[in-house]
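input_39.cif follows; it contains mmCIF, C-alpha atoms.
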```cif
data_protein
#
loop_
_atom_site.label_atom_id
_atom_site.label_comp_id
_atom_site.auth_asym_id
_atom_site.auth_seq_id
_atom_site.Cartn_x
_atom_site.Cartn_y
_atom_site.Cartn_z
CA MET A 1 73.56 -32.92 56.36
CA GLN A 2 75.63 -29.73 56.62
CA LEU A 3 72.90 -27.75 54.86
CA SER A 4 70.24 -28.93 57.30
CA THR A 5 72.50 -28.05 60.24
CA SER A 6 73.03 -24.54 58.91
CA LEU A 7 69.29 -24.08 58.43
CA SER A 8 68.60 -25.24 61.96
CA ASP A 9 71.15 -22.75 63.27
CA LEU A 10 69.44 -19.94 61.38
CA MET A 11 66.02 -20.92 62.75
CA ALA A 12 67.32 -21.31 66.32
CA ILE A 13 66.45 -17.69 67.08
CA SER A 14 62.71 -17.11 66.99
CA TRP A 15 61.17 -13.82 65.93
CA GLN A 16 59.69 -13.51 69.43
CA THR A 17 63.21 -13.58 70.87
CA VAL A 18 64.36 -10.92 68.42
CA LEU A 19 61.42 -8.64 69.28
CA LEU A 20 61.86 -9.20 73.01
CA SER A 21 65.57 -8.39 72.89
CA ALA A 22 64.94 -5.31 70.74
CA ALA A 23 62.16 -4.08 73.03
CA ILE A 24 64.20 -4.51 76.21
CA SER A 25 67.29 -2.95 74.65
CA LEU A 26 65.14 0.00 73.48
CA ALA A 27 63.76 0.45 77.01
CA LEU A 28 67.27 0.38 78.46
CA GLY A 29 68.44 2.76 75.73
CA LEU A 30 65.67 5.18 76.67
CA PHE A 31 66.77 5.00 80.30
CA ILE A 32 70.41 5.62 79.32
CA SER A 33 69.44 8.56 77.10
CA LEU A 34 67.44 10.02 80.00
CA MET A 35 70.50 9.75 82.23
CA TYR A 36 72.55 11.41 79.49
CA ARG A 37 70.09 14.30 79.35
CA LEU A 38 70.13 14.70 83.14
CA VAL A 39 73.88 14.68 83.71
CA THR A 40 75.13 16.45 80.58
CA PRO A 41 75.49 20.26 80.67
CA SER A 42 73.26 22.00 78.16
CA VAL A 43 76.26 23.46 76.33
CA ASN A 44 77.56 19.93 75.60
CA TYR A 45 74.20 18.24 75.04
CA SER A 46 73.83 16.65 71.60
CA VAL A 47 70.61 15.36 70.07
CA ALA A 48 72.73 13.13 67.81
CA ILE A 49 74.31 11.42 70.84
CA HIS A 50 70.88 11.13 72.48
CA GLN A 51 69.46 9.27 69.48
CA THR A 52 72.65 7.27 68.90
CA LEU A 53 72.29 5.72 72.36
CA LEU A 54 68.94 4.26 71.32
CA TYR A 55 70.23 3.00 67.99
CA VAL A 56 73.38 1.44 69.44
CA ALA A 57 71.46 -0.48 72.12
CA MET A 58 69.04 -2.08 69.65
CA ILE A 59 71.61 -2.73 66.92
CA THR A 60 74.08 -4.31 69.36
CA SER A 61 71.32 -6.53 70.70
CA LEU A 62 70.56 -7.78 67.19
CA VAL A 63 74.26 -8.26 66.48
CA MET A 64 74.66 -10.41 69.58
CA LEU A 65 71.67 -12.52 68.55
CA ILE A 66 73.13 -13.02 65.08
CA ILE A 67 76.56 -13.97 66.42
CA SER A 68 75.22 -16.27 69.15
CA ASN A 69 78.02 -18.77 69.82
CA GLN A 70 79.26 -18.89 66.24
CA LEU A 71 82.92 -17.89 66.09
CA ALA A 72 82.87 -17.69 62.28
CA ARG A 73 80.02 -15.18 62.39
CA ALA A 74 81.90 -13.05 64.90
CA PHE A 75 84.97 -12.80 62.66
CA THR A 76 82.78 -12.09 59.62
CA LEU A 77 81.03 -9.29 61.49
CA VAL A 78 84.33 -7.74 62.62
CA GLY A 79 85.53 -7.72 59.01
CA ALA A 80 82.31 -6.12 57.80
CA LEU A 81 82.31 -3.41 60.46
CA SER A 82 85.99 -2.58 59.94
CA VAL A 83 85.07 -0.55 56.85
CA ILE A 84 83.09 1.93 58.98
CA ARG A 85 84.91 5.11 60.01
CA PHE A 86 83.54 7.38 62.72
CA ARG A 87 84.72 10.96 62.29
CA THR A 88 82.19 12.79 64.47
CA PRO A 89 84.04 14.79 67.17
CA VAL A 90 83.00 14.12 70.75
CA LYS A 91 82.36 17.38 72.64
CA ASP A 92 82.53 15.78 76.06
CA THR A 93 84.57 12.72 77.00
CA ARG A 94 81.64 11.60 79.16
CA ASP A 95 79.63 11.06 75.96
CA ALA A 96 81.83 8.05 75.21
CA SER A 97 80.84 6.44 78.52
CA PHE A 98 77.18 6.62 77.54
CA VAL A 99 77.92 5.00 74.18
CA PHE A 100 79.75 2.15 75.97
CA LEU A 101 76.85 1.82 78.41
CA SER A 102 74.44 1.55 75.49
CA LEU A 103 76.71 -1.09 73.96
CA ALA A 104 76.62 -3.03 77.22
CA ALA A 105 72.82 -2.83 77.25
CA GLY A 106 72.61 -4.25 73.74
CA MET A 107 75.14 -6.99 74.44
CA GLY A 108 73.39 -8.03 77.65
CA THR A 109 69.94 -8.24 76.09
CA GLY A 110 71.37 -9.94 73.01
CA VAL A 111 72.68 -12.88 75.05
CA GLY A 112 69.51 -13.12 77.12
CA LEU A 113 70.76 -11.61 80.39
CA TYR A 114 67.75 -9.34 80.70
CA LEU A 115 67.45 -8.98 84.48
CA GLU A 116 71.20 -8.75 85.10
CA THR A 117 71.60 -6.09 82.42
CA ALA A 118 68.63 -4.05 83.66
CA VAL A 119 69.93 -4.09 87.24
CA GLY A 120 73.43 -3.09 86.16
CA ILE A 121 72.21 -0.28 83.90
CA ALA A 122 69.88 1.03 86.62
CA PHE A 123 72.67 1.07 89.20
CA ILE A 124 75.15 2.79 86.87
CA GLY A 125 72.51 5.34 85.81
CA ALA A 126 71.66 6.13 89.42
CA ALA A 127 75.38 6.55 90.19
CA MET A 128 75.76 8.97 87.28
CA VAL A 129 72.86 11.10 88.47
CA ALA A 130 74.18 11.06 92.05
CA MET A 131 77.60 12.26 90.86
CA ARG A 132 75.94 15.03 88.88
CA LEU A 133 73.77 16.21 91.76
CA SER A 134 76.62 16.05 94.29
CA ARG A 135 78.93 17.93 91.87
CA LEU A 136 81.62 15.35 92.57
CA GLY A 137 85.07 16.67 91.73
CA MET A 138 83.83 20.20 91.09
CA ARG A 139 84.72 23.27 93.07
CA ALA A 140 82.01 24.84 95.22
CA LYS A 141 82.03 28.01 93.12
CA GLY A 142 83.42 28.81 89.72
CA GLU A 143 85.63 31.72 88.82
CA VAL A 144 84.03 35.11 88.27
CA LEU A 145 85.22 37.51 85.58
CA VAL A 146 84.31 41.20 85.53
CA LYS A 147 84.70 43.27 82.35
CA PHE A 148 84.00 46.94 81.70
CA ALA A 149 85.34 49.87 79.70
CA ILE A 150 86.63 53.14 81.19
CA PRO A 151 88.02 56.38 79.69
CA GLY A 152 91.58 55.84 78.50
CA GLU A 153 93.01 58.67 80.60
CA ALA A 154 91.49 57.36 83.84
CA GLY A 155 93.64 54.26 84.21
CA GLU A 156 92.91 51.42 86.61
CA ASP A 157 94.08 52.93 89.89
CA GLY A 158 91.82 55.17 91.96
CA HIS A 159 88.81 54.81 89.71
CA ALA A 160 85.19 54.80 90.89
CA HIS A 161 84.82 51.05 90.51
CA ARG A 162 87.16 50.52 93.47
CA ASP A 163 84.44 51.53 95.94
CA VAL A 164 82.09 48.90 94.54
CA PHE A 165 84.89 46.31 94.51
CA ASP A 166 85.67 46.99 98.17
CA GLN A 167 82.01 46.60 99.07
CA TYR A 168 81.27 43.34 97.26
CA LEU A 169 84.58 41.55 96.71
CA LYS A 170 87.07 39.75 98.89
CA ASP A 171 89.84 39.97 96.31
CA HIS A 172 90.37 40.98 92.69
CA ARG A 173 93.13 40.84 90.11
CA LEU A 174 93.48 42.67 86.80
CA ILE A 175 94.23 40.04 84.15
CA ASN A 176 93.73 41.87 80.86
CA THR A 177 93.66 45.42 79.46
CA ARG A 178 92.91 46.38 75.87
CA THR A 179 91.87 49.46 73.91
CA VAL A 180 88.37 49.42 72.45
CA GLY A 181 86.68 51.80 70.04
CA SER A 182 88.06 54.89 68.40
CA GLY A 183 87.87 57.00 71.56
CA GLY A 184 90.80 55.30 73.23
CA ARG A 185 88.68 53.68 75.95
CA LEU A 186 90.22 50.85 77.94
CA GLU A 187 88.49 47.54 78.55
CA LEU A 188 89.57 46.02 81.86
CA THR A 189 89.08 42.37 82.75
CA PHE A 190 89.34 41.28 86.39
CA LEU A 191 89.40 37.87 88.01
CA VAL A 192 87.48 38.44 91.23
CA LYS A 193 86.54 36.58 94.38
CA PRO A 194 83.17 37.75 95.74
CA LEU A 195 82.35 37.90 99.44
CA ARG A 196 80.25 35.02 100.72
CA SER A 197 77.28 37.38 101.14
CA THR A 198 77.62 38.97 97.69
CA ASP A 199 74.75 38.68 95.23
CA LEU A 200 76.30 38.90 91.78
CA VAL A 201 73.25 40.51 90.20
CA THR A 202 73.32 43.29 92.78
CA PHE A 203 77.07 43.64 92.27
CA SER A 204 76.61 43.91 88.50
CA LYS A 205 73.89 46.55 88.90
CA ALA A 206 76.12 48.55 91.24
CA LEU A 207 78.88 48.60 88.63
CA SER A 208 76.45 49.51 85.86
CA SER A 209 75.19 52.48 87.88
CA ILE A 210 78.64 54.14 87.61
CA GLU A 211 78.41 56.59 84.71
CA ALA A 212 82.07 56.27 83.74
CA LEU A 213 81.78 52.51 83.16
CA ASP A 214 80.55 51.06 79.88
CA ARG A 215 79.89 47.48 78.73
CA VAL A 216 79.75 46.05 82.23
CA ALA A 217 79.69 42.25 82.23
CA VAL A 218 79.90 39.84 85.17
CA VAL A 219 80.58 36.32 83.93
CA VAL A 220 80.59 33.12 85.99
CA CYS A 221 82.82 30.30 84.69
CA ASP A 222 82.27 26.94 86.33
CA ASP A 223 84.22 23.68 86.09
CA GLU A 224 82.13 22.46 83.15
CA GLY A 225 83.09 25.38 80.93
CA LEU A 226 79.76 27.14 81.24
CA THR A 227 79.65 30.92 81.19
CA GLN A 228 76.74 33.16 81.98
CA ASN A 229 76.40 36.91 82.11
CA VAL A 230 74.51 37.48 85.34
CA PHE A 231 73.22 40.92 84.31
#
```
For this file, produce the structure as structure tokens.
Amino acid sequence: MQLSTSLSDLMAISWQTVLLSAAISLALGLFISLMYRLVTPSVNYSVAIHQTLLYVAMITSLVMLIISNQLARAFTLVGALSVIRFRTPVKDTRDASFVFLSLAAGMGTGVGLYLETAVGIAFIGAAMVAMRLSRLGMRAKGEVLVKFAIPGEAGEDGHAHRDVFDQYLKDHRLINTRTVGSGGRLELTFLVKPLRSTDLVTFSKALSSIEALDRVAVVVCDDEGLTQNVF
């Protein structure tokens, strides 16, 4: 009697149900991975995370089907999975939210809540994209660093770059000075605040046109840790 009951429990999930859950979880995983690609800065984007979102959604869906309402299976599964250790560092804390979202997609499809899960995933994905596009929590403009080298005997005060600074910048502050090369040249690093009308490419070209300046670099640092030399 117990054997027949166990067999009936195993056959309670049809292969059509398994394929349907896997297909829907894969579709939701693809949607989540698309959202991840849209909202993640290129410097933090990871192909491994992108593919993991697909795997997690489908595997979690199958796990939920296997567990069903069987408490014994749930405890057995927890014991089996406890031997797994994840040591991959997460570059961006937002990556973890996508993994949890993929888990939710798999759990929802695994218990048969297809429509509810799809609606929830779609809403959360749209909210993520909206936050990305609106730059929620970010400053309007990032900090701008200017670096260049000058002759060691010139010093910072009264040098030719001051005319360009006065023309293009609202404010500037020297934050670092170091000697570079064997000729005793000084590399100056400024934290600057451009005028609202300033085009940074034009500003960089103006600095580069000064013969006494070498290694001119204008770098924009935004709130996501991205840096880009504009010239």
For the PyMOL selection byres ((chain A and resi 62) around 10), applied here, can you spell out every residue it catches as a PDB file with C-alpha atoms, in the coordinates of the input?
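Done, and the output landed in selection-v3.pdb:
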```pdb
ATOM      1  CA  VAL A  18      64.360 -10.920  68.420  1.00  0.00           C
ATOM      2  CA  LEU A  19      61.420  -8.640  69.280  1.00  0.00           C
ATOM      3  CA  SER A  21      65.570  -8.390  72.890  1.00  0.00           C
ATOM      4  CA  ALA A  22      64.940  -5.310  70.740  1.00  0.00           C
ATOM      5  CA  SER A  25      67.290  -2.950  74.650  1.00  0.00           C
ATOM      6  CA  VAL A  56      73.380   1.440  69.440  1.00  0.00           C
ATOM      7  CA  ALA A  57      71.460  -0.480  72.120  1.00  0.00           C
ATOM      8  CA  MET A  58      69.040  -2.080  69.650  1.00  0.00           C
ATOM      9  CA  ILE A  59      71.610  -2.730  66.920  1.00  0.00           C
ATOM     10  CA  THR A  60      74.080  -4.310  69.360  1.00  0.00           C
ATOM     11  CA  SER A  61      71.320  -6.530  70.700  1.00  0.00           C
ATOM     12  CA  VAL A  63      74.260  -8.260  66.480  1.00  0.00           C
ATOM     13  CA  MET A  64      74.660 -10.410  69.580  1.00  0.00           C
ATOM     14  CA  LEU A  65      71.670 -12.520  68.550  1.00  0.00           C
ATOM     15  CA  ILE A  66      73.130 -13.020  65.080  1.00  0.00           C
ATOM     16  CA  ILE A  67      76.560 -13.970  66.420  1.00  0.00           C
ATOM     17  CA  SER A  68      75.220 -16.270  69.150  1.00  0.00           C
ATOM     18  CA  GLY A 106      72.610  -4.250  73.740  1.00  0.00           C
ATOM     19  CA  MET A 107      75.140  -6.990  74.440  1.00  0.00           C
ATOM     20  CA  THR A 109      69.940  -8.240  76.090  1.00  0.00           C
ATOM     21  CA  GLY A 110      71.370  -9.940  73.010  1.00  0.00           C
ATOM     22  CA  VAL A 111      72.680 -12.880  75.050  1.00  0.00           C
TER      23      VAL A 111
END
```
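Omitting Ala122 (chain A) and its sequence neighbours fewer than 6 positions away, and counting only C-alpha atoms, the residues within 9 Å are Leu28, Phe31 and Ile32 of chain A.
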**Report entry** Spatial neighbours of Phe165 (chain A), 12 Å, all atoms listed in the file, chain gap at least 4 places, as a list in words
**Finding:** Val146, Gly158, His159, Ala160, His161, Leu169, Lys170, Asp171, His172, Arg173, Phe190, Leu191, Val192, Lys193, Pro194, Leu195, Thr198, Leu200, Phe203, Ser204, Ala206 and Leu207 of chain A
Expansion of the PyMOL selection byres ((chain A and resi 175-186) around 7) into residues, as a CSV table (one decimal) with C-alpha atoms, in the frame of the given file:
```csv
chain,number,residue,atom,x,y,z
A,149,ALA,CA,85.3,49.9,79.7
A,150,ILE,CA,86.6,53.1,81.2
A,151,PRO,CA,88.0,56.4,79.7
A,152,GLY,CA,91.6,55.8,78.5
A,173,ARG,CA,93.1,40.8,90.1
A,174,LEU,CA,93.5,42.7,86.8
A,187,GLU,CA,88.5,47.5,78.6
A,188,LEU,CA,89.6,46.0,81.9
A,189,THR,CA,89.1,42.4,82.8
A,190,PHE,CA,89.3,41.3,86.4
A,191,LEU,CA,89.4,37.9,88.0
```
Query raised in the report: In Å, how far is it from CA of Met128 (chain A) to CA of Val39 (chain A)?
Result: 7.0 Å
Report task. Extract, using all atoms listed in the file, all DNA, RNA and protein residues at most 12 Å from Thr93 (chain A), discarding same-chain residues fewer than 5 positions from it, and format them as number ranges by chain. Result -> A: 40, 44-45, 98-100, 224
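Between CA of Leu213 (chain A) and CA of Asp166 (chain A) the interatomic distance comes to 16.5 Å.
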Generate the missing atoms of region 25-50 of chain A up to N, CA and C atoms and report them as a PDB file, in the frame of the given file.
```
ATOM      1  N   SER A  25      66.144  -3.817  74.918  1.00  0.00           N
ATOM      2  CA  SER A  25      67.290  -2.950  74.650  1.00  0.00           C
ATOM      3  C   SER A  25      66.837  -1.515  74.379  1.00  0.00           C
ATOM      4  N   LEU A  26      65.679  -1.346  73.718  1.00  0.00           N
ATOM      5  CA  LEU A  26      65.140   0.000  73.480  1.00  0.00           C
ATOM      6  C   LEU A  26      64.765   0.657  74.806  1.00  0.00           C
ATOM      7  N   ALA A  27      64.132  -0.103  75.712  1.00  0.00           N
ATOM      8  CA  ALA A  27      63.760   0.450  77.010  1.00  0.00           C
ATOM      9  C   ALA A  27      65.002   0.870  77.804  1.00  0.00           C
ATOM     10  N   LEU A  28      66.030   0.028  77.771  1.00  0.00           N
ATOM     11  CA  LEU A  28      67.270   0.380  78.460  1.00  0.00           C
ATOM     12  C   LEU A  28      67.952   1.563  77.792  1.00  0.00           C
ATOM     13  N   GLY A  29      67.875   1.617  76.448  1.00  0.00           N
ATOM     14  CA  GLY A  29      68.440   2.760  75.730  1.00  0.00           C
ATOM     15  C   GLY A  29      67.732   4.049  76.086  1.00  0.00           C
ATOM     16  N   LEU A  30      66.420   3.999  76.250  1.00  0.00           N
ATOM     17  CA  LEU A  30      65.670   5.180  76.670  1.00  0.00           C
ATOM     18  C   LEU A  30      66.093   5.630  78.070  1.00  0.00           C
ATOM     19  N   PHE A  31      66.310   4.672  78.949  1.00  0.00           N
ATOM     20  CA  PHE A  31      66.770   5.000  80.300  1.00  0.00           C
ATOM     21  C   PHE A  31      68.153   5.644  80.259  1.00  0.00           C
ATOM     22  N   ILE A  32      69.051   5.078  79.446  1.00  0.00           N
ATOM     23  CA  ILE A  32      70.410   5.620  79.320  1.00  0.00           C
ATOM     24  C   ILE A  32      70.369   7.026  78.733  1.00  0.00           C
ATOM     25  N   SER A  33      69.535   7.233  77.718  1.00  0.00           N
ATOM     26  CA  SER A  33      69.440   8.560  77.100  1.00  0.00           C
ATOM     27  C   SER A  33      68.861   9.577  78.081  1.00  0.00           C
ATOM     28  N   LEU A  34      67.961   9.117  78.968  1.00  0.00           N
ATOM     29  CA  LEU A  34      67.440  10.020  80.000  1.00  0.00           C
ATOM     30  C   LEU A  34      68.547  10.411  80.975  1.00  0.00           C
ATOM     31  N   MET A  35      69.369   9.439  81.357  1.00  0.00           N
ATOM     32  CA  MET A  35      70.500   9.750  82.230  1.00  0.00           C
ATOM     33  C   MET A  35      71.462  10.718  81.545  1.00  0.00           C
ATOM     34  N   TYR A  36      71.675  10.511  80.253  1.00  0.00           N
ATOM     35  CA  TYR A  36      72.550  11.410  79.490  1.00  0.00           C
ATOM     36  C   TYR A  36      72.010  12.836  79.513  1.00  0.00           C
ATOM     37  N   ARG A  37      70.703  12.969  79.346  1.00  0.00           N
ATOM     38  CA  ARG A  37      70.090  14.300  79.350  1.00  0.00           C
ATOM     39  C   ARG A  37      70.198  14.963  80.720  1.00  0.00           C
ATOM     40  N   LEU A  38      70.099  14.156  81.783  1.00  0.00           N
ATOM     41  CA  LEU A  38      70.130  14.700  83.140  1.00  0.00           C
ATOM     42  C   LEU A  38      71.521  15.152  83.569  1.00  0.00           C
ATOM     43  N   VAL A  39      72.542  14.414  83.182  1.00  0.00           N
ATOM     44  CA  VAL A  39      73.880  14.680  83.710  1.00  0.00           C
ATOM     45  C   VAL A  39      74.755  15.490  82.775  1.00  0.00           C
ATOM     46  N   THR A  40      74.308  15.722  81.538  1.00  0.00           N
ATOM     47  CA  THR A  40      75.130  16.450  80.580  1.00  0.00           C
ATOM     48  C   THR A  40      74.779  17.937  80.593  1.00  0.00           C
ATOM     49  N   PRO A  41      75.762  18.816  80.742  1.00  0.00           N
ATOM     50  CA  PRO A  41      75.490  20.260  80.670  1.00  0.00           C
ATOM     51  C   PRO A  41      74.877  20.636  79.343  1.00  0.00           C
ATOM     52  N   SER A  42      73.993  21.627  79.374  1.00  0.00           N
ATOM     53  CA  SER A  42      73.260  22.000  78.160  1.00  0.00           C
ATOM     54  C   SER A  42      74.194  22.415  77.027  1.00  0.00           C
ATOM     55  N   VAL A  43      75.347  23.016  77.371  1.00  0.00           N
ATOM     56  CA  VAL A  43      76.260  23.460  76.330  1.00  0.00           C
ATOM     57  C   VAL A  43      76.884  22.289  75.584  1.00  0.00           C
ATOM     58  N   ASN A  44      76.953  21.109  76.225  1.00  0.00           N
ATOM     59  CA  ASN A  44      77.560  19.930  75.600  1.00  0.00           C
ATOM     60  C   ASN A  44      76.522  18.924  75.113  1.00  0.00           C
ATOM     61  N   TYR A  45      75.246  19.202  75.408  1.00  0.00           N
ATOM     62  CA  TYR A  45      74.200  18.240  75.040  1.00  0.00           C
ATOM     63  C   TYR A  45      74.080  18.128  73.520  1.00  0.00           C
ATOM     64  N   SER A  46      73.932  16.902  73.038  1.00  0.00           N
ATOM     65  CA  SER A  46      73.830  16.650  71.600  1.00  0.00           C
ATOM     66  C   SER A  46      72.647  15.739  71.325  1.00  0.00           C
ATOM     67  N   VAL A  47      71.742  16.189  70.464  1.00  0.00           N
ATOM     68  CA  VAL A  47      70.610  15.360  70.070  1.00  0.00           C
ATOM     69  C   VAL A  47      71.099  14.118  69.332  1.00  0.00           C
ATOM     70  N   ALA A  48      72.166  14.265  68.548  1.00  0.00           N
ATOM     71  CA  ALA A  48      72.730  13.130  67.810  1.00  0.00           C
ATOM     72  C   ALA A  48      73.189  12.031  68.766  1.00  0.00           C
ATOM     73  N   ILE A  49      73.882  12.412  69.841  1.00  0.00           N
ATOM     74  CA  ILE A  49      74.310  11.420  70.840  1.00  0.00           C
ATOM     75  C   ILE A  49      73.099  10.791  71.497  1.00  0.00           C
ATOM     76  N   HIS A  50      72.108  11.620  71.831  1.00  0.00           N
ATOM     77  CA  HIS A  50      70.880  11.130  72.480  1.00  0.00           C
ATOM     78  C   HIS A  50      70.236  10.025  71.647  1.00  0.00           C
TER      79      HIS A  50
END
```
